[in-house]
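Okay, entry.tsv now, which holds TSV, C-alpha atoms:
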```
chain	number	residue	atom	x	y	z
F	42	MET	CA	0.00	0.00	0.00
F	43	THR	CA	1.39	3.42	-0.97
F	44	TYR	CA	2.08	5.82	1.89
F	45	VAL	CA	0.29	9.08	1.06
F	46	ARG	CA	1.76	12.34	2.35
F	47	THR	CA	-0.70	15.21	2.63
F	48	ILE	CA	0.64	18.63	1.63
F	49	LEU	CA	-1.02	21.92	2.53
F	50	ILE	CA	-0.83	24.60	-0.19
F	51	VAL	CA	-1.51	28.15	0.98
F	52	ASP	CA	-1.74	30.79	-1.74
F	53	GLY	CA	-4.24	33.51	-2.59
F	54	ASP	CA	-3.79	32.91	-6.31
F	55	ASN	CA	-6.11	30.23	-7.69
F	56	ALA	CA	-3.89	29.51	-10.70
F	57	THR	CA	-0.83	28.91	-8.54
F	58	ARG	CA	-2.71	26.54	-6.24
F	59	GLU	CA	-4.10	24.63	-9.22
F	60	THR	CA	-0.68	24.30	-10.82
F	61	LEU	CA	0.89	23.03	-7.61
F	62	ARG	CA	-2.02	20.65	-6.98
F	63	GLU	CA	-1.74	19.18	-10.49
F	64	GLN	CA	2.01	18.73	-10.11
F	65	LEU	CA	1.77	17.05	-6.72
F	66	THR	CA	-1.18	14.78	-7.47
F	67	ARG	CA	0.53	13.32	-10.52
F	68	ASP	CA	2.25	11.14	-7.93
F	69	ASP	CA	0.06	8.78	-5.91
F	70	ALA	CA	2.34	9.43	-2.93
F	71	PHE	CA	0.84	12.90	-2.40
F	72	ALA	CA	-2.55	14.28	-1.45
F	73	VAL	CA	-3.30	18.01	-1.35
F	74	VAL	CA	-5.33	20.33	0.85
F	75	GLU	CA	-5.68	23.93	-0.33
F	76	ALA	CA	-6.11	27.21	1.54
F	77	CYS	CA	-6.40	30.67	0.01
F	78	SER	CA	-5.51	32.68	3.14
F	79	ALA	CA	-3.73	32.53	6.47
F	80	ARG	CA	-7.03	32.20	8.31
F	81	GLU	CA	-8.16	29.30	6.12
F	82	ALA	CA	-4.78	27.62	6.56
F	83	GLU	CA	-5.20	27.78	10.33
F	84	ARG	CA	-8.65	26.20	10.02
F	85	CYS	CA	-7.23	23.40	7.88
F	86	MET	CA	-4.51	22.67	10.42
F	87	THR	CA	-6.92	22.75	13.36
F	88	ALA	CA	-9.31	20.37	11.61
F	89	ARG	CA	-6.64	17.69	11.11
F	90	ASP	CA	-5.83	15.07	13.73
F	91	GLU	CA	-2.28	14.77	12.39
F	92	PRO	CA	0.10	17.50	11.14
F	93	PHE	CA	0.54	17.94	7.40
F	94	ALA	CA	3.61	16.27	5.93
F	95	ALA	CA	4.69	19.65	4.54
F	96	VAL	CA	3.39	23.15	3.86
F	97	ILE	CA	3.92	25.18	0.70
F	98	ILE	CA	2.97	28.78	1.41
F	99	ASP	CA	3.16	32.11	-0.37
F	100	ALA	CA	4.96	34.96	1.41
F	101	ALA	CA	2.21	37.47	0.49
F	102	LEU	CA	-1.25	36.27	1.53
F	103	PRO	CA	-4.52	38.22	1.19
F	104	ASP	CA	-4.90	38.48	4.97
F	105	GLY	CA	-1.35	38.29	6.27
F	106	ASP	CA	2.36	37.63	5.89
F	107	GLY	CA	3.54	34.12	5.07
F	108	HIS	CA	6.65	34.69	7.21
F	109	GLU	CA	4.44	35.30	10.24
F	110	VAL	CA	2.41	32.17	9.54
F	111	CYS	CA	5.66	30.16	9.43
F	112	ALA	CA	6.78	31.69	12.74
F	113	GLN	CA	3.44	30.76	14.30
F	114	LEU	CA	3.80	27.17	13.08
F	115	ARG	CA	7.22	26.87	14.72
F	116	ALA	CA	5.97	28.53	17.90
F	117	LYS	CA	3.33	25.79	18.14
F	118	GLY	CA	6.04	23.16	17.87
F	119	LEU	CA	5.16	22.06	14.33
F	120	SER	CA	8.33	20.98	12.58
F	121	MET	CA	7.13	19.79	9.19
F	122	PRO	CA	9.08	21.07	6.15
F	123	VAL	CA	7.81	24.46	4.97
F	124	ILE	CA	8.55	25.94	1.56
F	125	LEU	CA	7.99	29.69	1.53
F	126	MET	CA	7.38	30.94	-2.01
F	127	ASN	CA	8.87	34.31	-2.93
F	128	GLY	CA	10.56	34.26	0.46
F	129	THR	CA	13.23	36.74	1.47
F	130	THR	CA	16.33	36.35	3.59
F	131	GLN	CA	14.68	37.78	6.69
F	132	SER	CA	14.49	34.33	8.28
F	133	GLY	CA	17.34	33.70	10.69
F	134	PRO	CA	19.81	30.80	10.41
F	135	GLU	CA	17.94	28.92	13.15
F	136	ASP	CA	14.78	28.86	11.06
F	137	ASP	CA	14.18	25.58	9.21
F	138	THR	CA	11.85	27.11	6.60
F	139	ILE	CA	13.09	26.94	3.01
F	140	SER	CA	12.66	30.06	0.87
F	141	ILE	CA	12.25	29.80	-2.89
F	142	ALA	CA	12.09	32.93	-5.02
F	143	LYS	CA	9.47	33.49	-7.71
F	144	PRO	CA	9.44	32.73	-10.54
F	145	PHE	CA	10.63	29.20	-9.84
F	146	ARG	CA	10.62	25.93	-11.72
F	147	LEU	CA	8.16	23.36	-10.45
F	148	SER	CA	10.85	20.71	-10.69
F	149	GLU	CA	13.08	22.75	-8.37
F	150	LEU	CA	10.30	23.06	-5.80
F	151	MET	CA	9.49	19.35	-6.08
F	152	ALA	CA	13.17	18.40	-5.71
F	153	ARG	CA	13.47	20.45	-2.52
F	154	LEU	CA	10.23	19.05	-1.14
F	155	ARG	CA	11.22	15.45	-1.81
F	156	THR	CA	14.69	15.99	-0.35
F	157	GLN	CA	13.19	17.31	2.88
F	158	LEU	CA	10.53	14.61	3.19
F	159	ASP	CA	12.80	11.70	2.27
F	160	ALA	CA	15.59	12.80	4.59
F	161	ARG	CA	13.17	13.41	7.47
F	162	GLU	CA	11.65	9.96	7.09
F	163	ALA	CA	15.02	8.24	6.61
F	164	ASN	CA	16.34	9.85	9.77
F	165	GLY	CA	13.16	9.23	11.72
F	166	SER	CA	13.23	12.92	12.54
F	167	HIS	CA	10.55	14.34	14.81
F	168	GLY	CA	11.06	18.01	15.49
F	169	GLU	CA	14.74	18.08	14.54
F	170	PRO	CA	16.09	19.60	11.31
F	171	VAL	CA	16.71	16.85	8.74
F	172	THR	CA	20.20	16.09	7.54
F	173	ILE	CA	21.60	14.35	4.48
F	174	ARG	CA	24.93	12.55	4.53
F	175	ILE	CA	27.36	13.82	1.88
F	176	GLY	CA	30.81	12.35	2.31
F	177	PRO	CA	32.11	13.40	5.76
F	178	TYR	CA	29.39	16.04	6.14
F	179	ASP	CA	25.85	16.20	7.46
F	180	PHE	CA	24.04	18.53	5.08
F	181	SER	CA	21.02	20.45	6.38
F	182	PRO	CA	19.06	21.95	3.47
F	183	GLU	CA	16.82	23.71	5.97
F	184	ASP	CA	19.47	25.89	7.57
F	185	LYS	CA	21.82	25.83	4.56
F	186	SER	CA	24.81	24.37	6.34
F	187	LEU	CA	27.22	21.45	6.44
F	188	ARG	CA	28.59	19.95	9.63
F	189	HIS	CA	31.76	17.93	10.05
F	190	ASP	CA	31.54	16.52	13.56
F	191	ALA	CA	35.06	15.07	13.56
F	192	ASP	CA	36.52	18.55	13.13
F	193	ASN	CA	33.72	20.33	15.01
F	194	LEU	CA	33.24	22.35	11.83
F	195	ARG	CA	30.13	24.08	10.51
F	196	ILE	CA	30.12	25.44	6.96
F	197	ARG	CA	27.55	28.05	6.03
F	198	LEU	CA	26.16	27.85	2.47
F	199	THR	CA	24.46	30.43	0.31
F	200	GLU	CA	20.92	29.72	-0.87
F	201	LYS	CA	22.17	28.77	-4.35
F	202	GLU	CA	24.94	26.52	-2.98
F	203	ALA	CA	22.41	24.69	-0.80
F	204	ALA	CA	20.02	24.37	-3.77
F	205	ILE	CA	22.80	22.91	-5.93
F	206	LEU	CA	23.62	20.24	-3.34
F	207	ALA	CA	19.95	19.47	-2.71
F	208	PHE	CA	19.17	18.98	-6.40
F	209	LEU	CA	22.30	16.94	-7.09
F	210	HIS	CA	21.40	14.72	-4.15
F	211	THR	CA	18.08	13.83	-5.78
F	212	ASN	CA	19.90	12.58	-8.89
F	213	GLU	CA	22.29	9.65	-8.98
F	214	ARG	CA	23.12	10.44	-12.58
F	215	PRO	CA	25.38	13.32	-13.66
F	216	VAL	CA	23.29	16.47	-14.10
F	217	PRO	CA	24.16	18.51	-17.23
F	218	ARG	CA	25.20	22.10	-16.60
F	219	ARG	CA	22.25	23.60	-18.45
F	220	GLU	CA	19.75	21.45	-16.56
F	221	LEU	CA	21.27	22.31	-13.19
F	222	LEU	CA	21.37	25.98	-14.16
F	223	LYS	CA	17.66	25.98	-15.02
F	224	GLU	CA	16.69	24.00	-11.93
F	225	VAL	CA	18.48	26.34	-9.51
F	226	TRP	CA	18.13	29.72	-11.24
F	227	GLY	CA	15.02	29.14	-13.36
F	228	TYR	CA	14.58	30.66	-16.80
F	229	ASN	CA	16.77	33.73	-16.60
F	230	PRO	CA	18.52	34.82	-19.81
F	231	ALA	CA	20.96	36.93	-17.79
F	232	VAL	CA	22.35	33.84	-16.04
F	233	THR	CA	24.93	31.79	-17.94
F	234	THR	CA	26.81	28.56	-17.31
F	235	HIS	CA	29.70	30.73	-16.10
F	236	THR	CA	27.49	31.69	-13.14
F	237	LEU	CA	27.00	28.02	-12.29
F	238	GLU	CA	30.70	27.24	-12.69
F	239	THR	CA	31.56	30.11	-10.34
F	240	HIS	CA	29.20	28.73	-7.68
F	241	ILE	CA	30.61	25.20	-8.15
F	242	TYR	CA	34.13	26.60	-7.74
F	243	ARG	CA	33.19	28.37	-4.50
F	244	LEU	CA	31.29	25.35	-3.22
F	245	ARG	CA	34.27	23.08	-3.83
F	246	ARG	CA	36.51	25.46	-1.92
F	247	LYS	CA	34.19	25.00	1.05
F	248	ILE	CA	33.72	21.24	0.98
F	249	GLU	CA	36.68	19.62	-0.80
F	250	ALA	CA	39.96	18.79	0.93
F	251	ASP	CA	41.65	19.61	-2.38
F	252	PRO	CA	39.35	21.70	-4.64
F	253	ALA	CA	41.62	21.04	-7.63
F	254	ARG	CA	41.01	17.29	-7.23
F	255	ALA	CA	37.34	17.14	-6.33
F	256	ARG	CA	36.12	13.87	-4.81
F	257	LEU	CA	32.68	14.87	-3.51
F	258	LEU	CA	31.32	17.24	-6.15
F	259	VAL	CA	32.75	15.81	-9.35
F	260	THR	CA	32.60	16.85	-12.98
F	261	GLU	CA	31.30	14.04	-15.13
F	262	ALA	CA	29.70	13.59	-18.56
F	263	GLY	CA	29.37	17.32	-19.21
F	264	GLY	CA	27.81	18.03	-15.85
F	265	TYR	CA	28.11	17.46	-12.11
F	266	ARG	CA	27.42	14.62	-9.70
F	267	LEU	CA	27.74	13.99	-5.98
F	268	ALA	CA	30.14	11.08	-5.71
F	269	ALA	CA	29.64	10.55	-1.96
F	270	ARG	CA	26.16	10.14	-0.46
```

What do you get writing this file as structure tokens?
Amino acid sequence: MTYVRTILIVDGDNATRETLREQLTRDDAFAVVEACSAREAERCMTARDEPFAAVIIDAALPDGDGHEVCAQLRAKGLSMPVILMNGTTQSGPEDDTISIAKPFRLSELMARLRTQLDAREANGSHGEPVTIRIGPYDFSPEDKSLRHDADNLRIRLTEKEAAILAFLHTNERPVPRRELLKEVWGYNPAVTTHTLETHIYRLRRKIEADPARARLLVTEAGGYRLAAR
């Protein structure tokens, strides 16, 4: 029997909710509940006996601020993954809400959602930020950081660096540069593969023992792959 994860979508725009619902319900593993406002979202949460598996919420709601709704969720002790659409950087590093800027690619949002849900379930996490093992590091997509316990080291990542690692982790195959560029930056004619290569270079300087001889984030078949999982 397929385990169904129920996702709450909160957005005042009918078209956005419909698009997200159609994308999620293509997979039998997801069910969707929709809310068009902060007040309706609260009613949906109160009516459920169990917390939602995840929440996808717009930052600008007709009756409130999505950031405030996220803060209220955390204050109530709810730790499910939250994806804040069109989010800003005003969330602090302790916040485990993921911000994704509009316009975004649906595949990018889905990749981040799956990464959070799969890692949380694999770790049996209940209330703790999920982590993904990448080589010697524990990667937390939620707070955009890597931890190396042996060296008592914490590495802070930028939003794009964290998105690159999260998307590569969802693919065992090498991801072509153009595909990774579109997944992380979306359709932006001003962004070139040089932008991606610059971010890869900086990311390797943070995570590789020898950036010139990468062993974790490797170049392969015209793209990039995480060699250690």

Can you pull out the residues contacting segment 216-231 of chain F? Cut-off 6 Å, using all atoms listed in the file, and skip same-chain residues under 2 positions away; I want them as a list in words.
Phe145, Arg146, Glu149, Gly263, Gly264 and Tyr265 of chain F

Mind dumping a table of every segment 138-209 of chain F residue within 10 Å of segment 99-115 of chain F, with the nearest atom pair and its distance in Å to one decimal, using only C-alpha atoms, sorted by chain and rising number, as a Markdown table?
```
| residue | atom | partner | partner_atom | distance |
| --- | --- | --- | --- | --- |
| F:Thr138 | CA | F:Cys111 | CA | 7.5 |
| F:Ser140 | CA | F:Ala100 | CA | 9.1 |
| F:Ile141 | CA | F:Asp99 | CA | 9.7 |
| F:Ala142 | CA | F:Ala100 | CA | 9.8 |
| F:Lys143 | CA | F:Asp99 | CA | 9.8 |
| F:Gly168 | CA | F:Arg115 | CA | 9.7 |
```

Closest to Arg188 of chain F among F:Ile248, F:Thr156, F:Lys117, F:His210, using only C-alpha atoms?
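Using only C-alpha atoms, Arg188 of chain F sits closest to F:Ile248.
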
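Distance annotation: of F:Asp52, F:Arg62, F:Ile139, F:Pro122, the residue with the minimal separation from Ala82 of chain F is F:Asp52; atom set is all atoms listed in the file.
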
How big is the axis-aligned box around the listed atoms of segment 199-202 of chain F once 6 Å is added on each side, and where is its centre? Give both in Å to one decimal, as AutoDock Vina command-line options.
```
--center_x 22.9 --center_y 28.5 --center_z -2.0 --size_x 16.0 --size_y 15.9 --size_z 16.7
```

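For the pair atom CA of Arg58 of chain F and atom CA of Ile124 of chain F, the interatomic distance is 13.7 Å.
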
Rounded to one decimal place, report the atom CA of Ile205 of chain F-atom CA of Leu257 of chain F distance in Å.
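Computed distance, atom CA of Ile205 of chain F to atom CA of Leu257 of chain F, equals 13.0 Å.
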
Counting all atoms listed in the file, which of F:Arg174, F:Arg214, F:Arg246, F:His240 gets nearest to Glu200 of chain F?
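Selected residue with least distance to Glu200 of chain F: F:His240.
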
Which residues come within 9 Å of Pro92 of chain F, counting all atoms listed in the file, excluding same-chain residues fewer than 3 positions away, as a PDB file with C-alpha atoms, keeping the file's coordinate frame?
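Written out: part33.pdb:
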```
ATOM      1  CA  THR F  47      -0.700  15.210   2.630  1.00  0.00           C
ATOM      2  CA  MET F  86      -4.510  22.670  10.420  1.00  0.00           C
ATOM      3  CA  ARG F  89      -6.640  17.690  11.110  1.00  0.00           C
ATOM      4  CA  ALA F  95       4.690  19.650   4.540  1.00  0.00           C
ATOM      5  CA  LEU F 119       5.160  22.060  14.330  1.00  0.00           C
ATOM      6  CA  MET F 121       7.130  19.790   9.190  1.00  0.00           C
TER       7      MET F 121
END
```

For a quick check of understanding, using all atoms listed in the file, which of F:Ala79, F:Ala88, F:Leu158, F:Leu147 has the smallest distance to Thr60 of chain F?
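For Thr60 of chain F, the nearest of the candidates is F:Leu147.
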
Counting all atoms listed in the file, the residue of F:Glu202, F:Glu249, F:Glu261, F:Asp184 that sits nearest Leu237 of chain F
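With all atoms listed in the file as the atom set, the closest residue is F:Glu202.
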
Atom CA of Asp179 of chain F to atom CA of Thr199 of chain F, straight-line distance in Å:
16.0 Å

Among F:Tyr242, F:Phe93, F:Asp192, F:Ala152, Arg254 of chain F is approached most closely, using only C-alpha atoms, by F:Tyr242
